[in-house]
file coords-v8.txt (compact mmCIF, C-alpha atoms)
# COMPACT_ATOMS: atom_id res chain seq x y z
CA ASP A 548 0.00 0.00 0.00
CA GLY A 549 2.11 2.86 -1.30
CA GLY A 550 1.85 6.36 -0.02
CA ILE A 551 3.10 9.10 2.22
CA THR A 552 2.41 8.91 5.95
CA GLN A 553 2.53 11.67 8.51
CA SER A 554 2.38 11.20 12.25
CA PRO A 555 1.00 12.09 14.63
CA LYS A 556 -2.28 13.46 13.28
CA TYR A 557 -2.59 15.84 16.24
CA LEU A 558 0.26 17.24 18.34
CA PHE A 559 0.28 19.57 21.30
CA ARG A 560 3.35 21.55 22.26
CA LYS A 561 4.10 23.52 25.38
CA GLU A 562 5.80 26.88 25.15
CA GLY A 563 9.57 26.47 24.80
CA GLN A 564 9.46 22.84 23.67
CA ASN A 565 10.83 21.35 20.49
CA VAL A 566 8.61 18.83 18.71
CA THR A 567 9.28 16.58 15.74
CA LEU A 568 6.77 15.72 13.03
CA SER A 569 7.29 12.49 11.16
CA CYS A 570 6.97 12.00 7.39
CA GLU A 571 7.60 8.66 5.70
CA GLN A 572 7.07 7.66 2.07
CA ASN A 573 7.36 4.32 0.28
CA LEU A 574 6.91 5.73 -3.22
CA ASN A 575 10.66 5.72 -3.93
CA HIS A 576 10.50 9.48 -4.48
CA ASP A 577 13.68 11.52 -4.41
CA ALA A 578 12.12 14.86 -3.52
CA MET A 579 10.30 15.66 -0.30
CA TYR A 580 8.76 18.87 1.01
CA TRP A 581 7.28 20.41 4.14
CA TYR A 582 4.53 23.00 3.94
CA ARG A 583 2.68 25.01 6.52
CA GLN A 584 -1.02 25.83 6.05
CA ASP A 585 -2.83 28.56 7.98
CA PRO A 586 -6.58 29.23 7.69
CA GLY A 587 -7.48 31.04 4.46
CA GLN A 588 -3.89 31.13 3.25
CA GLY A 589 -2.02 29.20 0.61
CA LEU A 590 0.50 26.56 1.56
CA ARG A 591 3.93 27.98 2.32
CA LEU A 592 7.14 26.05 1.79
CA ILE A 593 9.25 25.47 4.90
CA TYR A 594 12.00 23.13 3.67
CA TYR A 595 12.56 20.83 0.74
CA SER A 596 14.98 18.05 -0.07
CA GLN A 597 15.92 17.04 -3.59
CA ILE A 598 17.93 14.01 -2.56
CA VAL A 599 19.19 12.13 0.48
CA ASN A 600 21.55 14.09 2.74
CA ASP A 601 20.62 17.36 1.10
CA PHE A 602 17.94 19.92 1.97
CA GLN A 603 17.23 23.57 1.30
CA LYS A 604 15.34 26.33 3.08
CA GLY A 605 11.98 27.36 1.71
CA ASP A 606 10.18 30.65 2.24
CA ILE A 607 9.54 30.33 6.00
CA ALA A 608 12.37 28.17 7.37
CA GLU A 609 13.07 30.22 10.51
CA GLY A 610 12.33 28.25 13.65
CA TYR A 611 12.28 24.91 11.83
CA SER A 612 14.88 22.23 11.12
CA VAL A 613 14.91 19.04 9.04
CA SER A 614 17.07 16.05 8.25
CA ARG A 615 17.17 13.62 5.30
CA GLU A 616 19.26 10.66 6.37
CA LYS A 617 17.11 8.18 4.49
CA LYS A 618 15.27 8.46 1.19
CA GLU A 619 12.03 7.41 2.85
CA SER A 620 12.08 9.82 5.77
CA PHE A 621 12.02 13.62 6.11
CA PRO A 622 11.24 14.63 9.72
CA LEU A 623 10.50 18.24 10.62
CA THR A 624 11.43 19.71 14.01
CA VAL A 625 9.53 22.75 15.19
CA THR A 626 11.89 24.49 17.59
CA SER A 627 11.17 26.91 20.41
CA ALA A 628 12.45 29.66 18.12
CA GLN A 629 9.28 29.36 16.03
CA LYS A 630 7.08 31.98 17.68
CA ASN A 631 3.76 31.04 16.12
CA PRO A 632 3.86 27.30 15.45
CA THR A 633 0.13 26.55 15.67
CA ALA A 634 -0.81 25.42 12.16
CA PHE A 635 -1.53 22.47 9.89
CA TYR A 636 1.66 20.91 8.54
CA LEU A 637 1.74 19.00 5.28
CA CYS A 638 4.50 16.79 3.95
CA ALA A 639 4.72 15.98 0.25
CA SER A 640 6.91 14.00 -2.10
CA SER A 641 7.51 13.83 -5.83
CA ILE A 642 9.49 11.51 -8.04
CA ASP A 643 11.98 14.30 -8.71
CA TRP A 644 12.51 17.94 -7.83
CA GLY A 645 10.63 20.43 -9.91
CA GLY A 646 7.11 21.62 -10.53
CA GLY A 647 6.72 19.38 -13.55
CA TYR A 648 6.24 16.35 -11.36
CA GLU A 649 3.13 15.30 -9.49
CA ALA A 650 3.32 16.04 -5.76
CA PHE A 651 1.66 13.61 -3.38
CA PHE A 652 0.65 14.87 0.04
CA GLY A 653 0.35 13.21 3.41
CA GLN A 654 -2.71 13.61 5.59
CA GLY A 655 -1.20 16.37 7.67
CA THR A 656 -0.32 17.02 11.30
CA ARG A 657 -2.20 19.66 13.26
CA LEU A 658 0.13 21.27 15.79
CA THR A 659 -1.28 23.32 18.65
CA VAL A 660 0.65 25.26 21.26
CA VAL A 661 -0.86 24.96 24.72
CA LYS B 331 5.62 39.33 -6.89
CA ASN B 332 4.38 35.91 -7.98
CA GLN B 333 0.83 35.44 -6.77
CA VAL B 334 -2.12 33.13 -7.20
CA GLU B 335 -5.53 34.58 -6.35
CA GLN B 336 -8.69 32.48 -6.11
CA SER B 337 -12.32 33.50 -6.07
CA PRO B 338 -14.74 33.25 -4.50
CA GLN B 339 -13.29 32.49 -1.06
CA SER B 340 -16.27 30.28 -0.37
CA LEU B 341 -19.55 29.26 -1.91
CA ILE B 342 -22.59 27.18 -1.12
CA ILE B 343 -24.41 25.23 -3.80
CA LEU B 344 -27.27 22.77 -3.87
CA GLU B 345 -26.63 19.16 -4.67
CA GLY B 346 -26.92 18.50 -8.39
CA LYS B 347 -26.07 22.06 -9.42
CA ASN B 348 -22.95 23.19 -11.29
CA CYS B 349 -20.39 25.72 -10.12
CA THR B 350 -17.23 27.39 -11.40
CA LEU B 351 -14.20 28.43 -9.39
CA GLN B 352 -11.72 31.03 -10.61
CA CYS B 353 -7.96 31.32 -10.38
CA ASN B 354 -5.90 34.32 -11.54
CA TYR B 355 -2.14 34.25 -11.40
CA THR B 356 0.76 36.60 -11.97
CA VAL B 357 3.40 33.88 -11.88
CA SER B 358 5.99 34.19 -14.60
CA PRO B 359 7.48 32.35 -16.34
CA PHE B 360 4.72 29.78 -16.15
CA SER B 361 5.38 26.04 -16.19
CA ASN B 362 2.12 24.34 -15.29
CA LEU B 363 -1.09 24.84 -13.34
CA ARG B 364 -2.80 22.32 -11.09
CA TRP B 365 -6.03 22.05 -9.19
CA TYR B 366 -6.12 20.15 -5.91
CA LYS B 367 -9.06 19.07 -3.75
CA GLN B 368 -8.52 19.19 -0.01
CA ASP B 369 -11.02 17.66 2.40
CA THR B 370 -11.12 19.21 5.87
CA GLY B 371 -8.19 18.05 7.97
CA ARG B 372 -6.66 16.05 5.12
CA GLY B 373 -3.89 16.50 2.60
CA PRO B 374 -4.60 17.87 -0.91
CA VAL B 375 -5.27 15.43 -3.71
CA SER B 376 -4.52 16.28 -7.33
CA LEU B 377 -7.45 16.76 -9.73
CA THR B 378 -5.79 18.08 -12.89
CA ILE B 379 -2.48 19.39 -14.16
CA MET B 380 -2.17 21.53 -17.29
CA THR B 381 0.84 22.80 -19.16
CA PHE B 382 1.10 26.03 -21.13
CA SER B 383 -0.16 24.43 -24.34
CA GLU B 384 -3.29 22.84 -22.85
CA ASN B 385 -6.47 24.84 -22.43
CA THR B 386 -8.82 22.25 -21.00
CA LYS B 387 -8.60 19.03 -19.04
CA SER B 388 -11.27 16.88 -17.42
CA ASN B 389 -11.29 14.45 -14.53
CA GLY B 390 -14.75 12.97 -14.18
CA ARG B 391 -17.14 15.75 -13.19
CA TYR B 392 -14.26 18.23 -12.81
CA THR B 393 -13.18 20.27 -15.85
CA ALA B 394 -10.32 22.74 -15.68
CA THR B 395 -9.66 25.42 -18.27
CA LEU B 396 -6.59 27.55 -18.79
CA ASP B 397 -6.09 30.82 -20.66
CA ALA B 398 -2.35 31.45 -20.55
CA ASP B 399 -2.76 34.81 -22.32
CA THR B 400 -4.98 36.30 -19.62
CA LYS B 401 -3.38 34.14 -16.88
CA GLN B 402 -6.69 32.76 -15.77
CA SER B 403 -7.91 29.28 -14.95
CA SER B 404 -11.26 27.94 -13.90
CA LEU B 405 -12.47 24.69 -12.35
CA HIS B 406 -16.00 23.65 -13.26
CA ILE B 407 -17.83 21.11 -11.13
CA THR B 408 -20.76 19.44 -12.88
CA ALA B 409 -23.75 17.91 -11.10
CA SER B 410 -22.28 18.51 -7.67
CA GLN B 411 -22.43 15.82 -4.99
CA LEU B 412 -22.22 16.09 -1.22
CA SER B 413 -18.71 14.59 -1.42
CA ASP B 414 -17.59 17.61 -3.43
CA SER B 415 -17.67 19.67 -0.23
CA ALA B 416 -14.02 20.59 0.21
CA SER B 417 -11.46 23.29 -0.45
CA TYR B 418 -10.16 23.58 -4.01
CA ILE B 419 -6.65 24.89 -4.39
CA CYS B 420 -5.07 26.34 -7.52
CA VAL B 421 -1.30 25.82 -7.74
CA VAL B 422 1.03 27.35 -10.30
CA SER B 423 4.56 26.21 -11.01
CA ILE B 424 7.20 28.84 -11.76
CA LYS B 425 9.56 27.77 -14.51
CA ALA B 426 12.48 29.60 -12.95
CA ALA B 427 13.38 29.18 -9.28
CA GLY B 428 13.53 25.41 -9.64
CA ASN B 429 9.89 25.05 -10.69
CA LYS B 430 8.69 26.19 -7.29
CA LEU B 431 4.98 25.71 -6.56
CA THR B 432 2.93 28.78 -5.64
CA PHE B 433 -0.38 28.03 -3.90
CA GLY B 434 -3.61 30.00 -3.96
CA GLY B 435 -5.60 30.42 -0.76
CA GLY B 436 -8.31 28.04 -1.94
CA THR B 437 -12.08 28.19 -2.44
CA ARG B 438 -14.17 26.43 0.16
CA VAL B 439 -17.17 24.71 -1.43
CA LEU B 440 -20.14 23.47 0.59
CA VAL B 441 -22.70 21.29 -1.19
CA LYS B 442 -26.06 21.16 0.54
CA PRO B 443 -28.74 18.50 -0.02

call {"tool": "encode", "arguments": {"input": "coords-v8.txt", "output": "structure tokens"}}
result
Amino acid sequence: DGGITQSPKYLFRKEGQNVTLSCEQNLNHDAMYWYRQDPGQGLRLIYYSQIVNDFQKGDIAEGYSVSREKKESFPLTVTSAQKNPTAFYLCASSIDWGGGYEAFFGQGTRLTVV
Amino acid sequence: KNQVEQSPQSLIILEGKNCTLQCNYTVSPFSNLRWYKQDTGRGPVSLTIMTFSENTKSNGRYTATLDADTKQSSLHITASQLSDSASYICVVSIKAAGNKLTFGGGTRVLVKP
């Protein structure tokens, strides 16, 4: 059953804590992405990775960090430096980097600061 | 500034009726345009993808059109069903900047029985 899986579905963070969102794909895709979605706004790119052991900042990378040690996995850490982390986070993958390729999305993680 | 604007922000239609969603973009140079459907609390799912040379593409009851000269796209939903209630997102790919995707804010559609 191929696809892209995000976990957890819901996550609560206390002020000053770091939390890590998981994203795993078994589609054999090289490229993976993290987006943030706020109500009424378009998705904004946080980080992307074109290939294993390489990743690049997107438009709103401040307060976030990622790693890409395995092709299948692209975890996102929301650090305490991110001042407004409450949002819906979406992970995506595509067979290769570039807008010409279909992007497949996970089901999202809703992060709430308590 | 590269932008993708969608209208209306939301609409309510009766089951069985048709509706049309609009997308205007200022992205340049243009690579392709996609429409995604996003159910509440879920990830977006692709409906159509169109390149510069295509001006219409269908996926079941969904038909997308593209006018690259006026930089406008529309998504037409025919004979709406309750399951069509979702947000519809227009996404444009910029040919430069590594084919980066630029997302519109979406149109929220509610289909009532």

call {"tool": "closest_atom_pairs", "arguments": {"input": "coords-v8.txt", "of": "chain B", "to": "chain A", "cutoff": "8 Å", "atoms": "all atoms listed in the file", "output": "JSON lines"}}
result
{"residue": "B:Ser361", "atom": "CA", "partner": "A:Gly647", "partner_atom": "CA", "distance": 7.3}
{"residue": "B:Asn362", "atom": "CA", "partner": "A:Gly647", "partner_atom": "CA", "distance": 7.0}
{"residue": "B:Gly371", "atom": "CA", "partner": "A:Gly655", "partner_atom": "CA", "distance": 7.2}
{"residue": "B:Arg372", "atom": "CA", "partner": "A:Gln654", "partner_atom": "CA", "distance": 4.7}
{"residue": "B:Gly373", "atom": "CA", "partner": "A:Gln654", "partner_atom": "CA", "distance": 4.3}
{"residue": "B:Pro374", "atom": "CA", "partner": "A:Phe652", "partner_atom": "CA", "distance": 6.1}
{"residue": "B:Val375", "atom": "CA", "partner": "A:Phe652", "partner_atom": "CA", "distance": 7.0}
{"residue": "B:Ser376", "atom": "CA", "partner": "A:Phe651", "partner_atom": "CA", "distance": 7.8}
{"residue": "B:Ser423", "atom": "CA", "partner": "A:Gly646", "partner_atom": "CA", "distance": 5.3}
{"residue": "B:Ile424", "atom": "CA", "partner": "A:Gly646", "partner_atom": "CA", "distance": 7.3}
{"residue": "B:Lys425", "atom": "CA", "partner": "A:Gly646", "partner_atom": "CA", "distance": 7.7}
{"residue": "B:Gly428", "atom": "CA", "partner": "A:Gly645", "partner_atom": "CA", "distance": 5.8}
{"residue": "B:Asn429", "atom": "CA", "partner": "A:Gly646", "partner_atom": "CA", "distance": 4.4}
{"residue": "B:Lys430", "atom": "CA", "partner": "A:Gly646", "partner_atom": "CA", "distance": 5.8}
{"residue": "B:Leu431", "atom": "CA", "partner": "A:Gly646", "partner_atom": "CA", "distance": 6.1}
{"residue": "B:Thr432", "atom": "CA", "partner": "A:Leu590", "partner_atom": "CA", "distance": 7.9}
{"residue": "B:Phe433", "atom": "CA", "partner": "A:Gly589", "partner_atom": "CA", "distance": 4.9}
{"residue": "B:Gly434", "atom": "CA", "partner": "A:Gly589", "partner_atom": "CA", "distance": 4.9}
{"residue": "B:Gly435", "atom": "CA", "partner": "A:Gly589", "partner_atom": "CA", "distance": 4.0}
{"residue": "B:Gly436", "atom": "CA", "partner": "A:Gly589", "partner_atom": "CA", "distance": 6.9}

call {"tool": "write_last_selection", "arguments": {"input": "coords-v8.txt", "atoms": "C-alpha atoms", "output": "mmCIF file, in the coordinates of the input"}}
result
data_model
loop_
_atom_site.group_PDB
_atom_site.id
_atom_site.type_symbol
_atom_site.label_atom_id
_atom_site.label_comp_id
_atom_site.auth_asym_id
_atom_site.auth_seq_id
_atom_site.Cartn_x
_atom_site.Cartn_y
_atom_site.Cartn_z
ATOM 1 C CA SER B 361 5.380 26.040 -16.190
ATOM 2 C CA ASN B 362 2.120 24.340 -15.290
ATOM 3 C CA GLY B 371 -8.190 18.050 7.970
ATOM 4 C CA ARG B 372 -6.660 16.050 5.120
ATOM 5 C CA GLY B 373 -3.890 16.500 2.600
ATOM 6 C CA PRO B 374 -4.600 17.870 -0.910
ATOM 7 C CA VAL B 375 -5.270 15.430 -3.710
ATOM 8 C CA SER B 376 -4.520 16.280 -7.330
ATOM 9 C CA SER B 423 4.560 26.210 -11.010
ATOM 10 C CA ILE B 424 7.200 28.840 -11.760
ATOM 11 C CA LYS B 425 9.560 27.770 -14.510
ATOM 12 C CA GLY B 428 13.530 25.410 -9.640
ATOM 13 C CA ASN B 429 9.890 25.050 -10.690
ATOM 14 C CA LYS B 430 8.690 26.190 -7.290
ATOM 15 C CA LEU B 431 4.980 25.710 -6.560
ATOM 16 C CA THR B 432 2.930 28.780 -5.640
ATOM 17 C CA PHE B 433 -0.380 28.030 -3.900
ATOM 18 C CA GLY B 434 -3.610 30.000 -3.960
ATOM 19 C CA GLY B 435 -5.600 30.420 -0.760
ATOM 20 C CA GLY B 436 -8.310 28.040 -1.940
#

call {"tool": "atom_distance", "arguments": {"input": "coords-v8.txt", "atom1": "CA of Phe382 in chain B", "atom2": "CA of Gln333 in chain B"}}
result
17.2 Å

call {"tool": "atom_distance", "arguments": {"input": "coords-v8.txt", "atom1": "CA of Arg364 in chain B", "atom2": "CA of Gln572 in chain A"}}
result
22.0 Å

call {"tool": "residues_around", "arguments": {"input": "coords-v8.txt", "residues": "Lys401 in chain B", "least_positions_apart": "4", "cutoff": "10 Å", "atoms": "all atoms listed in the file", "output": "PDB file with C-alpha atoms, in the frame of the given file"}}
result
ATOM      1  CA  VAL B 334      -2.120  33.130  -7.200  1.00  0.00           C
ATOM      2  CA  CYS B 353      -7.960  31.320 -10.380  1.00  0.00           C
ATOM      3  CA  ASN B 354      -5.900  34.320 -11.540  1.00  0.00           C
ATOM      4  CA  TYR B 355      -2.140  34.250 -11.400  1.00  0.00           C
ATOM      5  CA  THR B 356       0.760  36.600 -11.970  1.00  0.00           C
ATOM      6  CA  VAL B 357       3.400  33.880 -11.880  1.00  0.00           C
ATOM      7  CA  SER B 358       5.990  34.190 -14.600  1.00  0.00           C
ATOM      8  CA  PHE B 360       4.720  29.780 -16.150  1.00  0.00           C
ATOM      9  CA  LEU B 396      -6.590  27.550 -18.790  1.00  0.00           C
ATOM     10  CA  ASP B 397      -6.090  30.820 -20.660  1.00  0.00           C
TER      11      ASP B 397
END

call {"tool": "atom_distance", "arguments": {"input": "coords-v8.txt", "atom1": "CA of Gln352 in chain B", "atom2": "CA of Tyr582 in chain A"}}
result
23.2 Å

call {"tool": "residues_around", "arguments": {"input": "coords-v8.txt", "residues": "Asn565 in chain A", "least_positions_apart": "6", "cutoff": "10 Å", "atoms": "all atoms listed in the file", "output": "NGL selection string"}}
result
:A and (610-611 or 624-629)

call {"tool": "residues_around", "arguments": {"input": "coords-v8.txt", "residues": "Phe602 in chain A", "least_positions_apart": "6", "cutoff": "10 Å", "atoms": "all atoms listed in the file", "output": "PDB file with C-alpha atoms, keeping the file's coordinate frame"}}
result
ATOM      1  CA  ALA A 578      12.120  14.860  -3.520  1.00  0.00           C
ATOM      2  CA  MET A 579      10.300  15.660  -0.300  1.00  0.00           C
ATOM      3  CA  TYR A 580       8.760  18.870   1.010  1.00  0.00           C
ATOM      4  CA  TYR A 594      12.000  23.130   3.670  1.00  0.00           C
ATOM      5  CA  TYR A 595      12.560  20.830   0.740  1.00  0.00           C
ATOM      6  CA  SER A 596      14.980  18.050  -0.070  1.00  0.00           C
ATOM      7  CA  SER A 612      14.880  22.230  11.120  1.00  0.00           C
ATOM      8  CA  VAL A 613      14.910  19.040   9.040  1.00  0.00           C
ATOM      9  CA  SER A 614      17.070  16.050   8.250  1.00  0.00           C
ATOM     10  CA  ARG A 615      17.170  13.620   5.300  1.00  0.00           C
ATOM     11  CA  PHE A 621      12.020  13.620   6.110  1.00  0.00           C
TER      12      PHE A 621
END

call {"tool": "residues_around", "arguments": {"input": "coords-v8.txt", "residues": "Ser340 in chain B", "least_positions_apart": "4", "cutoff": "12 Å", "atoms": "all atoms listed in the file", "output": "PyMOL selection string"}}
result
(chain A and resi 587) or (chain B and resi 336+349-352+415-419+435-441)
